[in-house]
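Heads up, data25.cif below (mmCIF, C-alpha atoms):
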data_structure
#
loop_
_atom_site.label_atom_id
_atom_site.label_comp_id
_atom_site.auth_asym_id
_atom_site.auth_seq_id
_atom_site.Cartn_x
_atom_site.Cartn_y
_atom_site.Cartn_z
CA MET A 100 -21.36 -15.64 15.40
CA LYS A 101 -18.50 -13.53 14.09
CA ASN A 102 -17.68 -13.97 10.40
CA PRO A 103 -14.47 -15.91 9.74
CA LYS A 104 -11.78 -13.81 8.12
CA ILE A 105 -10.96 -13.84 4.44
CA LEU A 106 -7.52 -15.31 3.78
CA LEU A 107 -5.72 -14.39 0.60
CA ILE A 108 -2.57 -16.31 -0.24
CA CYS A 109 -0.11 -14.74 -2.65
CA GLU A 110 3.41 -15.47 -3.84
CA THR A 111 6.51 -13.74 -5.22
CA ASN A 112 4.80 -12.10 -8.20
CA PHE A 113 2.42 -10.24 -5.91
CA LEU A 114 5.41 -8.57 -4.22
CA TYR A 115 6.87 -7.57 -7.58
CA SER A 116 3.49 -6.26 -8.74
CA VAL A 117 3.41 -3.90 -5.77
CA ILE A 118 7.00 -2.67 -5.62
CA LEU A 119 7.15 -2.28 -9.40
CA ALA A 120 3.73 -0.57 -9.50
CA GLN A 121 2.52 -3.01 -12.12
CA ASP A 122 -0.92 -3.95 -10.93
CA ARG A 123 -3.17 -1.62 -8.96
CA ASN A 124 -5.47 -4.45 -7.91
CA CYS A 125 -2.58 -5.88 -5.90
CA GLY A 126 -2.19 -2.47 -4.26
CA TYR A 127 -5.91 -2.45 -3.41
CA LEU A 128 -5.63 -5.93 -1.92
CA LEU A 129 -2.72 -4.82 0.24
CA ASP A 130 -4.77 -1.78 1.22
CA LEU A 131 -7.54 -4.12 2.44
CA ALA A 132 -4.99 -6.05 4.49
CA SER A 133 -3.61 -2.86 6.02
CA GLU A 134 -7.15 -1.93 7.09
CA ASN A 135 -7.54 -5.36 8.62
CA ASN A 136 -10.41 -6.33 6.32
CA ILE A 137 -8.60 -9.40 5.02
CA GLU A 138 -5.44 -11.30 5.82
CA ILE A 139 -2.76 -11.86 3.22
CA ALA A 140 -0.35 -14.75 3.65
CA ILE A 141 2.88 -14.94 1.67
CA PRO A 142 5.49 -17.71 1.91
CA GLU A 143 8.75 -16.74 3.57
CA ILE A 144 10.62 -18.08 0.55
CA SER A 145 8.92 -15.45 -1.66
CA PHE A 146 10.31 -12.64 0.46
CA LEU A 147 13.76 -14.23 0.31
CA GLU A 148 13.48 -14.59 -3.47
CA VAL A 149 12.66 -10.90 -3.86
CA ARG A 150 15.40 -9.87 -1.44
CA GLY A 151 17.94 -11.95 -3.37
CA LYS A 152 16.87 -10.53 -6.72
CA ILE A 153 16.96 -6.92 -5.52
CA GLY A 154 20.41 -7.38 -3.96
CA GLU A 155 21.79 -9.06 -7.06
CA ARG A 156 20.38 -6.36 -9.38
CA PHE A 157 21.91 -3.52 -7.34
CA LYS A 158 25.24 -5.33 -7.24
CA ARG A 159 25.16 -5.78 -11.00
CA ARG A 160 24.41 -2.06 -11.43
CA GLU A 161 27.26 -1.06 -9.11
CA ASN A 162 29.71 -3.29 -11.02
CA LYS A 163 28.64 -1.76 -14.34
CA LEU A 164 28.97 1.77 -12.97
CA ARG A 165 32.43 1.00 -11.57
CA ASP A 166 33.55 -0.29 -14.98
CA ILE A 167 32.23 2.79 -16.79
CA ILE A 168 33.80 5.17 -14.27
CA SER A 169 37.20 3.51 -14.57
CA PHE A 170 36.90 3.68 -18.37
CA LEU A 171 36.08 7.38 -18.11
CA ASN A 172 39.14 7.84 -15.90
CA GLU A 173 41.28 6.38 -18.68
CA LEU A 174 39.74 8.71 -21.26
CA MET A 175 40.06 11.72 -19.00
CA ARG A 176 43.83 11.49 -19.03
CA SER A 177 43.55 13.82 -22.02
CA GLU A 178 42.56 17.43 -21.34
CA TYR A 179 40.05 17.30 -24.20
CA HIS A 180 38.05 14.41 -22.64
CA LYS A 181 38.50 15.80 -19.15
CA ARG A 182 36.57 18.93 -20.17
CA ASN A 183 33.81 17.01 -21.95
CA LEU A 184 33.32 14.11 -19.58
CA TYR A 185 33.63 15.66 -16.16
CA GLY A 186 29.86 16.18 -15.73
CA ILE A 187 29.07 12.64 -16.86
CA LYS A 188 31.60 11.11 -14.49
CA TYR A 189 30.23 13.20 -11.65
CA LYS A 190 26.66 12.00 -12.31
CA LEU A 191 27.73 8.36 -12.58
CA LYS A 192 29.69 8.62 -9.35
CA GLN A 193 26.60 10.06 -7.71
CA LEU A 194 24.53 7.08 -8.96
CA TYR A 195 27.18 4.72 -7.59
CA THR A 196 27.29 6.49 -4.22
CA ASN A 197 23.48 6.54 -3.93
CA SER A 198 23.14 2.85 -4.72
CA PRO A 199 23.38 1.45 -1.13
CA GLU A 200 20.77 3.94 0.10
CA GLU A 201 18.43 3.14 -2.80
CA ARG A 202 18.87 -0.59 -2.19
CA LYS A 203 17.98 -0.03 1.45
CA GLU A 204 14.80 1.81 0.43
CA VAL A 205 13.65 -0.96 -1.91
CA LEU A 206 14.42 -3.70 0.62
CA GLN A 207 12.61 -1.67 3.25
CA SER A 208 9.50 -1.70 1.03
CA ALA A 209 9.58 -5.50 0.89
CA GLU A 210 9.87 -5.51 4.69
CA GLU A 211 6.91 -3.16 4.95
CA ILE A 212 4.79 -5.49 2.83
CA LYS A 213 5.87 -8.24 5.21
CA SER A 214 4.62 -6.20 8.15
CA LEU A 215 1.15 -6.03 6.56
CA CYS A 216 0.98 -9.77 5.86
CA ILE A 217 1.34 -13.14 7.51
CA THR A 218 4.63 -14.75 6.56
CA THR A 219 4.18 -18.50 6.15
CA PRO A 220 7.35 -20.15 7.43
CA HIS A 221 9.53 -22.52 5.48
CA SER A 222 10.66 -25.79 7.02
CA VAL A 223 12.64 -28.95 6.38
CA ASP A 224 9.33 -30.82 5.96
CA ILE A 225 8.21 -28.42 3.27
CA GLY A 226 11.56 -28.83 1.52
CA TYR A 227 11.21 -32.61 1.71
CA ARG A 228 7.70 -32.55 0.26
CA ALA A 229 8.91 -30.27 -2.53
CA PHE A 230 11.60 -32.84 -3.27
CA LEU A 231 9.00 -35.63 -3.36
CA ARG A 232 6.88 -33.52 -5.70
CA ALA A 233 9.86 -33.16 -8.04
CA THR A 234 10.53 -36.91 -7.91
CA ALA A 235 6.89 -37.63 -8.74
CA ASN A 236 7.10 -35.08 -11.58
CA LEU A 237 4.15 -33.12 -10.23
CA PRO A 238 3.59 -29.43 -10.94
CA PRO A 239 4.73 -26.76 -10.35
CA TYR A 240 7.86 -27.76 -12.18
CA LYS A 241 10.28 -25.02 -11.10
CA ASP A 242 12.18 -25.64 -7.90
CA GLU A 243 11.28 -22.37 -6.11
CA ASP A 244 7.63 -22.68 -7.16
CA ARG A 245 7.49 -26.17 -5.69
CA HIS A 246 8.73 -24.82 -2.35
CA ILE A 247 6.23 -21.96 -2.52
CA TYR A 248 3.38 -24.31 -3.34
CA GLU A 249 4.25 -26.82 -0.60
CA SER A 250 4.57 -23.93 1.82
CA ILE A 251 1.02 -22.84 0.91
CA LEU A 252 -0.32 -26.38 1.34
CA ASP A 253 1.38 -26.63 4.70
CA PHE A 254 0.00 -23.30 5.89
CA THR A 255 -3.57 -24.04 4.83
CA ARG A 256 -3.65 -27.42 6.53
CA ASP A 257 -6.27 -27.20 9.33
CA LYS A 258 -6.99 -23.51 8.71
CA GLY A 259 -10.58 -23.63 9.92
CA GLY A 260 -10.66 -20.03 11.08
CA TYR A 261 -10.76 -18.60 7.57
CA ASP A 262 -13.47 -18.48 4.97
CA PRO A 263 -12.99 -18.16 2.07
CA ILE A 264 -9.36 -19.07 1.46
CA ILE A 265 -8.20 -17.69 -1.87
CA PHE A 266 -4.95 -18.28 -3.71
CA TYR A 267 -4.00 -15.55 -6.15
CA THR A 268 -1.09 -15.81 -8.55
CA SER A 269 -0.47 -14.11 -11.88
CA ASP A 270 1.85 -16.98 -12.78
CA LYS A 271 -0.57 -19.02 -14.89
CA GLU A 272 2.25 -20.77 -16.69
CA ASP A 273 3.67 -22.40 -13.55
CA PHE A 274 0.57 -22.80 -11.36
CA ASP A 275 -2.34 -23.40 -13.71
CA HIS A 276 -2.19 -27.19 -13.80
CA LYS A 277 -5.01 -29.67 -13.31
CA GLU A 278 -3.19 -31.41 -10.43
CA ILE A 279 -2.81 -28.10 -8.58
CA ARG A 280 -6.39 -27.00 -9.24
CA ASP A 281 -7.75 -30.36 -8.03
CA GLU A 282 -5.57 -30.39 -4.94
CA LEU A 283 -6.57 -26.84 -3.96
CA GLU A 284 -10.24 -27.52 -4.67
CA GLU A 285 -10.09 -30.54 -2.39
CA ARG A 286 -8.91 -28.23 0.37
CA GLY A 287 -11.60 -25.69 -0.40
CA ILE A 288 -9.12 -23.11 -1.71
CA GLU A 289 -10.32 -20.89 -4.54
CA VAL A 290 -7.75 -20.03 -7.21
CA TYR A 291 -7.52 -16.79 -9.19
CA PHE A 292 -5.03 -15.96 -11.91
CA ASP A 293 -6.54 -12.55 -12.60
CA SER A 294 -6.03 -9.85 -9.97
CA GLY A 295 -9.18 -7.97 -11.05
CA LYS A 296 -11.37 -11.03 -10.63
CA CYS A 297 -9.71 -11.83 -7.32
CA PHE A 298 -10.24 -8.28 -6.03
CA ARG A 299 -13.89 -8.32 -7.16
CA ARG A 300 -14.48 -11.67 -5.43
CA ILE A 301 -13.08 -10.30 -2.17
CA LYS A 302 -14.97 -7.00 -2.44
CA GLU A 303 -18.24 -8.88 -3.01
CA GLU A 304 -17.51 -11.13 -0.05
CA LEU A 305 -16.83 -8.08 2.16
CA GLU A 306 -20.00 -6.32 0.97
CA ARG A 307 -22.06 -9.44 1.58
CA ARG A 308 -21.10 -9.45 5.28
CA MET B 15 12.40 9.42 -15.25
CA MET B 16 10.22 12.39 -14.34
CA ALA B 17 7.26 10.96 -16.23
CA LEU B 18 7.76 7.58 -14.65
CA GLU B 19 7.70 9.07 -11.16
CA LYS B 20 4.65 11.19 -11.98
CA THR B 21 2.78 8.06 -13.06
CA THR B 22 3.52 6.22 -9.84
CA GLU B 23 2.72 9.29 -7.72
CA LYS B 24 -0.67 9.63 -9.41
CA GLU B 25 -1.46 6.01 -8.71
CA GLU B 26 -0.24 6.26 -5.12
CA LYS B 27 -3.13 8.60 -4.28
CA VAL B 28 -5.57 5.77 -4.98
CA PHE B 29 -4.52 3.86 -1.87
CA LYS B 30 -5.91 4.62 1.56
CA SER B 31 -2.99 3.34 3.58
CA ALA B 32 0.06 5.59 3.87
CA LYS B 33 2.23 2.50 4.08
CA VAL B 34 0.88 1.10 0.80
CA ARG B 35 1.37 4.52 -0.84
CA ARG B 36 4.99 4.52 0.30
CA ILE B 37 5.66 0.96 -0.84
CA TRP B 38 3.90 1.29 -4.19
CA GLY B 39 6.42 1.50 -7.03
CA SER B 40 9.50 1.83 -4.82
CA ALA B 41 11.48 -0.59 -6.99
CA LEU B 42 10.19 1.00 -10.19
CA LYS B 43 11.60 4.31 -8.96
CA TYR B 44 14.98 3.06 -7.76
CA LEU B 45 15.45 -0.17 -9.70
CA PRO B 46 13.64 0.07 -13.06
CA GLU B 47 15.99 -2.51 -14.60
CA LEU B 48 14.32 -5.17 -12.45
CA LEU B 49 11.33 -5.06 -14.78
CA GLU B 50 13.15 -6.36 -17.83
CA GLU B 51 13.80 -9.79 -16.37
CA LEU B 52 10.40 -10.15 -14.76
CA LYS B 53 8.27 -10.82 -17.77
CA GLY B 54 5.84 -12.84 -15.68
CA VAL B 55 4.74 -9.78 -13.72
CA LYS B 56 1.52 -8.40 -15.08
CA SER B 57 1.91 -4.84 -16.25
CA ASP B 58 -0.75 -2.32 -17.10
CA GLU B 59 -0.51 -0.08 -20.12
CA LYS B 60 0.32 3.05 -18.15
CA SER B 61 3.39 1.53 -16.56
CA LYS B 62 4.60 0.20 -19.89
CA ASN B 63 4.25 3.66 -21.39
CA SER B 64 6.02 5.29 -18.51
CA LEU B 65 8.98 2.99 -18.98
CA ASP B 66 9.26 3.95 -22.63
CA LEU B 67 9.93 7.56 -21.70
#

Go ahead and render the structure in this file as C-alpha coordinates.
Amino acid sequence: MKNPKILLICETNFLYSVILAQDRNCGYLLDLASENNIEIAIPEISFLEVRGKIGERFKRRENKLRDIISFLNELMRSEYHKRNLYGIKYKLKQLYTNSPEERKEVLQSAEEIKSLCITTPHSVDIGYRAFLRATANLPPYKDEDRHIYESILDFTRDKGGYDPIIFYTSDKEDFDHKEIRDELEERGIEVYFDSGKCFRRIKEELERR
Amino acid sequence: MMALEKTTEKEEKVFKSAKVRRIWGSALKYLPELLEELKGVKSDEKSKNSLDL
(Lines of atoms letter the chains of each structure in order from A and count residues from 1; the text may use other names and numbers.)
(Lines give C-alpha, C1' and ligand atoms only; values in the text may rest on other atoms or scores of the structure.)
Protein backbone atom coordinates (compact mmCIF):
# COMPACT_ATOMS: atom_id res chain seq x y z
CA MET A 1 0.00 0.00 0.00
CA LYS A 2 1.20 3.49 -0.85
CA ASN A 3 2.45 5.56 2.09
CA PRO A 4 0.08 8.35 3.14
CA LYS A 5 1.50 11.80 2.57
CA ILE A 6 3.05 13.95 5.25
CA LEU A 7 0.95 17.03 5.97
CA LEU A 8 2.60 20.06 7.49
CA ILE A 9 0.36 22.86 8.68
CA CYS A 10 1.86 26.31 9.09
CA GLU A 11 0.57 29.80 9.74
CA THR A 12 1.43 33.47 9.13
CA ASN A 13 4.88 33.39 10.75
CA PHE A 14 6.03 30.71 8.33
CA LEU A 15 5.31 33.08 5.42
CA TYR A 16 7.25 35.88 7.10
CA SER A 17 10.14 33.52 7.87
CA VAL A 18 10.46 32.76 4.16
CA ILE A 19 9.96 36.18 2.59
CA LEU A 20 12.14 37.84 5.21
CA ALA A 21 14.81 35.12 4.93
CA GLN A 22 14.74 34.57 8.66
CA ASP A 23 14.72 30.83 9.01
CA ARG A 24 16.36 28.48 6.52
CA ASN A 25 14.52 25.45 7.90
CA CYS A 26 11.28 27.02 6.66
CA GLY A 27 12.92 27.38 3.24
CA TYR A 28 13.91 23.71 3.32
CA LEU A 29 10.36 22.72 4.24
CA LEU A 30 9.00 24.74 1.33
CA ASP A 31 11.61 23.08 -0.87
CA LEU A 32 10.24 19.66 0.17
CA ALA A 33 6.74 20.81 -0.73
CA SER A 34 7.88 22.07 -4.13
CA GLU A 35 9.40 18.64 -4.81
CA ASN A 36 6.11 17.05 -3.81
CA ASN A 37 7.65 15.16 -0.89
CA ILE A 38 5.26 16.71 1.62
CA GLU A 39 2.19 18.89 1.55
CA ILE A 40 2.07 22.20 3.35
CA ALA A 41 -1.29 23.67 4.31
CA ILE A 42 -1.64 27.31 5.30
CA PRO A 43 -4.90 29.04 6.29
CA GLU A 44 -6.25 31.53 3.78
CA ILE A 45 -6.44 34.13 6.54
CA SER A 46 -2.63 33.95 6.97
CA PHE A 47 -2.09 34.92 3.34
CA LEU A 48 -4.55 37.79 3.75
CA GLU A 49 -2.79 38.93 6.92
CA VAL A 50 0.57 39.04 5.13
CA ARG A 51 -0.93 40.78 2.10
CA GLY A 52 -2.51 43.42 4.36
CA LYS A 53 0.71 44.02 6.26
CA ILE A 54 2.84 44.32 3.12
CA GLY A 55 0.37 46.75 1.52
CA GLU A 56 0.15 48.87 4.66
CA ARG A 57 3.95 49.01 5.06
CA PHE A 58 4.51 50.14 1.47
CA LYS A 59 1.79 52.76 1.83
CA ARG A 60 3.41 54.05 5.01
CA ARG A 61 6.77 54.25 3.21
CA GLU A 62 5.26 56.12 0.26
CA ASN A 63 3.60 58.64 2.60
CA LYS A 64 6.89 59.25 4.42
CA LEU A 65 8.77 59.69 1.15
CA ARG A 66 6.14 62.13 -0.14
CA ASP A 67 6.47 64.20 3.04
CA ILE A 68 10.27 64.30 2.81
CA ILE A 69 10.21 65.20 -0.89
CA SER A 70 7.79 68.07 -0.31
CA PHE A 71 9.99 69.30 2.56
CA LEU A 72 13.01 69.16 0.26
CA ASN A 73 11.06 71.16 -2.32
CA GLU A 74 10.56 73.89 0.27
CA LEU A 75 14.26 73.93 1.14
CA MET A 76 15.28 73.92 -2.50
CA ARG A 77 13.69 77.30 -3.08
CA SER A 78 17.12 78.64 -2.15
CA GLU A 79 19.93 78.17 -4.69
CA TYR A 80 22.25 76.97 -1.91
CA HIS A 81 20.00 74.02 -0.95
CA LYS A 82 19.10 73.35 -4.57
CA ARG A 83 22.76 72.59 -5.31
CA ASN A 84 23.25 70.42 -2.22
CA LEU A 85 19.99 68.51 -2.17
CA TYR A 86 19.31 67.77 -5.81
CA GLY A 87 20.92 64.30 -5.71
CA ILE A 88 19.09 63.35 -2.52
CA LYS A 89 15.73 64.43 -3.90
CA TYR A 90 16.39 62.50 -7.09
CA LYS A 91 17.18 59.30 -5.14
CA LEU A 92 14.11 59.68 -2.93
CA LYS A 93 11.90 60.25 -5.95
CA GLN A 94 13.34 57.10 -7.47
CA LEU A 95 12.48 55.15 -4.28
CA TYR A 96 8.96 56.56 -4.42
CA THR A 97 8.55 55.70 -8.10
CA ASN A 98 9.89 52.16 -7.61
CA SER A 99 7.59 51.46 -4.68
CA PRO A 100 4.57 50.02 -6.63
CA GLU A 101 6.85 47.67 -8.57
CA GLU A 102 8.62 46.52 -5.39
CA ARG A 103 5.27 45.97 -3.67
CA LYS A 104 4.17 43.87 -6.63
CA GLU A 105 7.32 41.75 -6.34
CA VAL A 106 6.83 41.07 -2.62
CA LEU A 107 3.13 40.28 -3.04
CA GLN A 108 4.03 38.01 -5.94
CA SER A 109 6.34 36.06 -3.61
CA ALA A 110 3.46 35.46 -1.20
CA GLU A 111 1.38 34.26 -4.16
CA GLU A 112 4.19 31.93 -5.21
CA ILE A 113 4.29 30.39 -1.73
CA LYS A 114 0.54 29.92 -2.10
CA SER A 115 1.08 28.05 -5.35
CA LEU A 116 3.35 25.56 -3.55
CA CYS A 117 0.90 24.97 -0.69
CA ILE A 118 -2.68 24.01 0.03
CA THR A 119 -4.68 27.04 1.09
CA THR A 120 -7.18 26.08 3.77
CA PRO A 121 -10.32 28.14 3.17
CA HIS A 122 -11.97 30.40 5.68
CA SER A 123 -15.70 30.21 6.27
CA VAL A 124 -18.56 31.64 8.30
CA ASP A 125 -18.52 28.46 10.42
CA ILE A 126 -14.86 28.94 11.25
CA GLY A 127 -15.56 32.56 12.17
CA TYR A 128 -18.43 31.45 14.40
CA ARG A 129 -16.30 28.85 16.17
CA ALA A 130 -13.58 31.45 16.68
CA PHE A 131 -16.20 33.67 18.29
CA LEU A 132 -17.30 30.83 20.58
CA ARG A 133 -13.68 30.22 21.50
CA ALA A 134 -13.33 33.88 22.49
CA THR A 135 -16.53 33.72 24.54
CA ALA A 136 -15.28 30.62 26.34
CA ASN A 137 -11.94 32.39 26.92
CA LEU A 138 -10.00 29.58 25.27
CA PRO A 139 -6.59 30.04 23.67
CA PRO A 140 -5.27 31.36 21.37
CA TYR A 141 -6.29 34.70 22.76
CA LYS A 142 -5.66 36.99 19.78
CA ASP A 143 -8.50 37.35 17.33
CA GLU A 144 -6.57 36.48 14.13
CA ASP A 145 -4.88 33.53 15.85
CA ARG A 146 -8.26 32.17 16.89
CA HIS A 147 -9.41 32.26 13.26
CA ILE A 148 -6.17 30.61 12.14
CA TYR A 149 -6.47 27.91 14.77
CA GLU A 150 -10.14 27.16 14.02
CA SER A 151 -9.28 27.06 10.33
CA ILE A 152 -6.62 24.42 11.08
CA LEU A 153 -9.05 22.36 13.18
CA ASP A 154 -11.62 22.56 10.40
CA PHE A 155 -9.14 21.49 7.74
CA THR A 156 -7.80 18.53 9.71
CA ARG A 157 -11.25 17.16 10.48
CA ASP A 158 -11.52 13.76 8.72
CA LYS A 159 -8.09 14.05 7.10
CA GLY A 160 -7.44 10.33 6.95
CA GLY A 161 -5.23 10.49 3.87
CA TYR A 162 -2.29 12.03 5.71
CA ASP A 163 0.16 10.60 8.17
CA PRO A 164 1.71 12.21 10.10
CA ILE A 165 -0.05 15.55 10.41
CA ILE A 166 2.28 18.14 11.89
CA PHE A 167 1.53 21.67 13.01
CA TYR A 168 4.52 24.00 13.03
CA THR A 169 4.44 27.50 14.46
CA SER A 170 7.22 29.66 15.85
CA ASP A 171 4.60 31.56 17.83
CA LYS A 172 5.03 29.80 21.17
CA GLU A 173 3.53 32.70 23.06
CA ASP A 174 0.13 32.46 21.37
CA PHE A 175 -0.12 28.75 20.55
CA ASP A 176 1.73 26.90 23.29
CA HIS A 177 -1.19 26.36 25.65
CA LYS A 178 -2.27 23.14 27.34
CA GLU A 179 -5.78 23.35 25.84
CA ILE A 180 -4.34 23.61 22.32
CA ARG A 181 -1.79 20.84 22.86
CA ASP A 182 -4.47 18.51 24.26
CA GLU A 183 -6.91 19.28 21.47
CA LEU A 184 -4.30 18.67 18.76
CA GLU A 185 -3.06 15.51 20.44
CA GLU A 186 -6.61 14.19 20.51
CA ARG A 187 -6.71 14.63 16.74
CA GLY A 188 -3.33 12.99 16.32
CA ILE A 189 -1.62 16.22 15.25
CA GLU A 190 1.99 16.65 16.31
CA VAL A 191 3.05 20.16 17.32
CA TYR A 192 6.47 21.75 16.82
CA PHE A 193 7.55 25.20 17.90
CA ASP A 194 11.10 24.75 16.65
CA SER A 195 11.64 24.71 12.88
CA GLY A 196 14.84 22.65 13.18
CA LYS A 197 13.11 19.92 15.17
CA CYS A 198 10.16 20.00 12.79
CA PHE A 199 12.43 19.70 9.74
CA ARG A 200 14.37 16.83 11.36
CA ARG A 201 11.13 14.99 12.19
CA ILE A 202 9.98 15.26 8.57
CA LYS A 203 13.37 14.29 7.14
CA GLU A 204 13.46 11.20 9.38
CA GLU A 205 9.94 10.29 8.34
CA LEU A 206 10.89 10.63 4.65
CA GLU A 207 14.06 8.56 5.11
CA ARG A 208 12.14 5.87 6.95
CA ARG A 209 9.86 5.31 3.94
CA MET B 1 22.14 47.06 1.52
CA MET B 2 24.79 45.30 -0.57
CA ALA B 3 25.79 43.09 2.35
CA LEU B 4 22.18 42.29 3.10
CA GLU B 5 21.56 41.18 -0.47
CA LYS B 6 24.77 39.14 -0.54
CA THR B 7 23.64 37.27 2.57
CA THR B 8 20.28 36.35 1.08
CA GLU B 9 21.87 35.40 -2.26
CA LYS B 10 24.29 33.05 -0.50
CA GLU B 11 21.44 31.38 1.33
CA GLU B 12 19.33 31.15 -1.82
CA LYS B 13 21.79 28.66 -3.32
CA VAL B 14 20.91 26.18 -0.57
CA PHE B 15 17.44 25.57 -2.00
CA LYS B 16 16.79 23.14 -4.82
CA SER B 17 13.66 24.76 -6.16
CA ALA B 18 14.08 27.83 -8.36
CA LYS B 19 10.76 29.11 -7.07
CA VAL B 20 11.90 28.89 -3.43
CA ARG B 21 15.17 30.62 -4.36
CA ARG B 22 13.21 33.45 -5.95
CA ILE B 23 10.81 33.82 -3.03
CA TRP B 24 13.45 33.57 -0.32
CA GLY B 25 14.10 36.99 1.23
CA SER B 26 12.06 38.99 -1.27
CA ALA B 27 10.56 41.15 1.47
CA LEU B 28 13.91 41.51 3.21
CA LYS B 29 15.28 42.95 -0.03
CA TYR B 30 12.42 45.30 -0.85
CA LEU B 31 10.75 45.85 2.51
CA PRO B 32 13.35 45.56 5.30
CA GLU B 33 11.26 47.78 7.59
CA LEU B 34 8.75 44.93 7.89
CA LEU B 35 11.18 43.16 10.21
CA GLU B 36 11.04 45.73 12.98
CA GLU B 37 7.41 45.10 13.83
CA LEU B 38 7.60 41.34 13.48
CA LYS B 39 9.45 40.45 16.62
CA GLY B 40 7.75 37.07 16.74
CA VAL B 41 9.51 35.90 13.58
CA LYS B 42 12.50 33.78 14.42
CA SER B 43 15.69 35.26 13.07
CA ASP B 44 19.08 33.67 12.71
CA GLU B 45 22.26 35.48 13.61
CA LYS B 46 23.33 36.06 10.03
CA SER B 47 20.18 37.93 9.13
CA LYS B 48 20.41 40.05 12.25
CA ASN B 49 23.97 40.97 11.36
CA SER B 50 23.07 41.77 7.80
CA LEU B 51 20.42 44.19 8.98
CA ASP B 52 22.92 46.02 11.13
CA LEU B 53 24.96 46.96 8.09

For this session: Give me the result of the PyMOL selection byres ((chain A) within 8 of (chain B)) on this file, residue by residue, as a list in words.
Result: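 Output from the PyMOL selection byres ((chain A) within 8 of (chain B)), applied to this file: Asn112, Tyr115, Ser116, Val117, Ile118, Leu119, Ala120, Gln121, Asp122, Arg123, Gly126, Tyr127, Leu129, Asp130, Ser133, Glu134, Ile153, Arg156, Phe157, Glu201, Arg202, Glu204, Val205, Ser208, Ala209, Glu211, Ile212, Ser269 and Asp270 of chain A.
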
For this session: Run the PyMOL selection byres ((chain A and resi 277-285) around 10) on the file and write out the hits as a list in words.
Result: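 For this structure, the PyMOL selection byres ((chain A and resi 277-285) around 10) captures Leu237, Pro238, Pro239, Tyr248, Ile251, Leu252, Thr255, Ile264, Ile265, Phe266, Asp273, Phe274, Asp275, His276, Arg286, Gly287, Ile288, Glu289 and Val290 of chain A.
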
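Between CA of Arg245 (chain A) and CA of Ser145 (chain A) the interatomic distance comes to 11.5 Å.
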
For this session: One decimal, Å: what's the distance from CA of Ala229 (chain A) over to CA of Phe254 (chain A), could you say?
Result: 14.1 Å

Exercise. Could you name the residues that touch Lys296 (chain A) at 10 Å or less, counting all atoms listed in the file, but leaving out those on the same chain fewer than 5 positions away, as a list in words?
Worked result: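 The neighbour list is Asn124, Tyr267, Tyr291, Ile301 and Lys302 of chain A.
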
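For the atom pair formed by CA of Lys158 (chain A) and CA of Gln207 (chain A), the distance is 16.8 Å, given to one decimal.
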
For this session: Name the closest residue to Ile141 (chain A) among the candidates A:Glu155, A:Glu110, A:Glu249, A:Asp257; distances are taken between atoms, counting only C-alpha atoms.
Result: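 Result for the nearest residue to Ile141 (chain A): A:Glu110.
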
Problem set entry | Nearest to Cys297 (chain A) by atom-to-atom distance, counting all atoms listed in the file, from A:Leu107, A:Asn102, A:His221, A:His180 | A:Leu107
